[in-house]
Amino acid sequence: MGENLYFQWHITDACNFRCRHCYQHDFTKASDLALADLIKVYEKIASCAGGRKTKINITGGEPFLRKDLFDLLRYLDKHDTTEEITIITNASLIDENTLGKLKETKKLKQLKISLDGATEKTNDMIRRPGAFRTALEKINLIQEKSSLEVIIMLTVMRSNAYELPALFQLCGELKVDGLIIERFIPLGQSKGLKSEVINKEEWKRLVNEICEYMEVDAGEDEMLPCKAFWIKFKEDDVELLGAECNLGEDAFAILPNGDLLPCRRFAMKIGNLLDKSLKDIINESRVLKEVTDKSKLKGKCLACRIDKCRGCRAFAYAVGNDYLAEDSLCWL
């Protein structure tokens, strides 16, 4: 168990985009909790933190559609349990006034902005017309008017997988602070997009492209446990952080109605934070017990020589309805 608790907190399903790969079913405010209930949810988390600090990714939907977002940010910022706040956004609603208000949140360090292609054609086909130019304009505005770090988030699918080298170049031109690369998992409105799921050979090629770009000689034992990659761009250097899965241990997702998931892409409710404490949900969850017990896994994941790797349980569940099945993107 680590020093921090990590939460991806979806405070609304409402969104002004309809991205092809989105994992949501609904895009309305029907499930949104009132601010008072959002505060109750966080108090449930804080009461069970056991001295650990939280790192919160606020997202949606599109979080800037909530008029009380800044009230929530003020509350989180003042809370002793909160260590760091990040907002995940499509950036389309950000303006100078927004950035001025965000400066009041001292624990807000980063804005993570979705960009799903290195070209306007690819990105806008996945996200919506005009999204590429808007994202670049907003990135420039954020850099000019604030000190917030800008991180680009890429969901890798078949439509954009070949653009990774060009995206590395674009990140350099934009002078962003980082790039997060995640795999596409078909669920929600994208459940039928199985044709966009890359195969294990394509995933291996992408991982090799990342290693080549980073000029690192990393073996399978180091790279396969990583279900996502975070590249940090520094002034004279780049740093690669592999995001190993901490499913069921230190990281969870919260839906707009307070439901708790092991991961946003692992669409299985394990409890609701308005009904139960975080501690009780974790202790009573059969799913969490199983996914953290490698002896329960099946196929190549059970026999895997890499002790710290459990495959991607979310991917196994999304494509085969069995969260203990082997991860078919593993190339071993």
# chains A, B, ... in the order shown; residues from 1 in each chain; ligands from 1

call {"tool": "residues_around", "arguments": {"residues": "Ala166 of chain A", "least_positions_apart": "6", "cutoff": "12 Å", "atoms": "only C-alpha atoms", "output": "list of chain:residue names"}}
result
A:Asp116, A:Gly117, A:Ala118, A:Thr119, A:Thr122, A:Asn160, A:Gly172, A:Glu173, A:Glu209, A:Ile210, A:Tyr213

call {"tool": "residues_around", "arguments": {"residues": "Leu261 of chain A", "least_positions_apart": "5", "cutoff": "6 Å", "atoms": "only C-alpha atoms", "output": "VMD selection string"}}
result
chain A and resid 252 to 253 268 to 270

call {"tool": "write_last_selection", "arguments": {"atoms": "N, CA and C atoms", "output": "PDB file, in the first residue's frame"}}
result
ATOM      1  N   PHE A 252      -8.919   4.220  -7.492  1.00  0.00           N
ATOM      2  CA  PHE A 252     -10.316   3.909  -7.763  1.00  0.00           C
ATOM      3  C   PHE A 252     -10.917   5.007  -8.639  1.00  0.00           C
ATOM      4  N   ALA A 253     -12.088   4.711  -9.185  1.00  0.00           N
ATOM      5  CA  ALA A 253     -12.845   5.709  -9.941  1.00  0.00           C
ATOM      6  C   ALA A 253     -14.185   5.931  -9.255  1.00  0.00           C
ATOM      7  N   MET A 268     -17.512  -2.126 -13.374  1.00  0.00           N
ATOM      8  CA  MET A 268     -18.225  -2.970 -12.426  1.00  0.00           C
ATOM      9  C   MET A 268     -18.323  -2.250 -11.082  1.00  0.00           C
ATOM     10  N   LYS A 269     -19.528  -1.913 -10.702  1.00  0.00           N
ATOM     11  CA  LYS A 269     -19.756  -1.216  -9.437  1.00  0.00           C
ATOM     12  C   LYS A 269     -19.392  -2.115  -8.265  1.00  0.00           C
ATOM     13  N   ILE A 270     -18.616  -1.564  -7.314  1.00  0.00           N
ATOM     14  CA  ILE A 270     -18.288  -2.325  -6.105  1.00  0.00           C
ATOM     15  C   ILE A 270     -18.913  -1.695  -4.861  1.00  0.00           C
TER      16      ILE A 270
END

call {"tool": "closest_residue", "arguments": {"among": "A:Gly248, A:Gly2, A:Pro256, A:Gly242", "to": "Ile58 of chain A", "atoms": "only C-alpha atoms"}}
result
A:Pro256

call {"tool": "select_by_dssp", "arguments": {"residues": "segment 87-303 of chain A", "states": "helix (DSSP H, G or I)", "output": "PyMOL selection string"}}
result
chain A and resi 96-102+120-126+131-145+161-174+188-190+194-196+200-214+220-223+278-284+286-291+294-296+299-303

call {"tool": "residues_around", "arguments": {"residues": "segment 28-42 of chain A", "least_positions_apart": "2", "cutoff": "6 Å", "atoms": "only C-alpha atoms", "output": "PyMOL selection string"}}
result
chain A and resi 12-14+26+44-45+256-257+273

call {"tool": "closest_residue", "arguments": {"among": "A:Lys194, A:Arg264, A:Arg127, A:Arg313", "to": "Cys15 of chain A", "atoms": "only C-alpha atoms"}}
result
A:Arg127
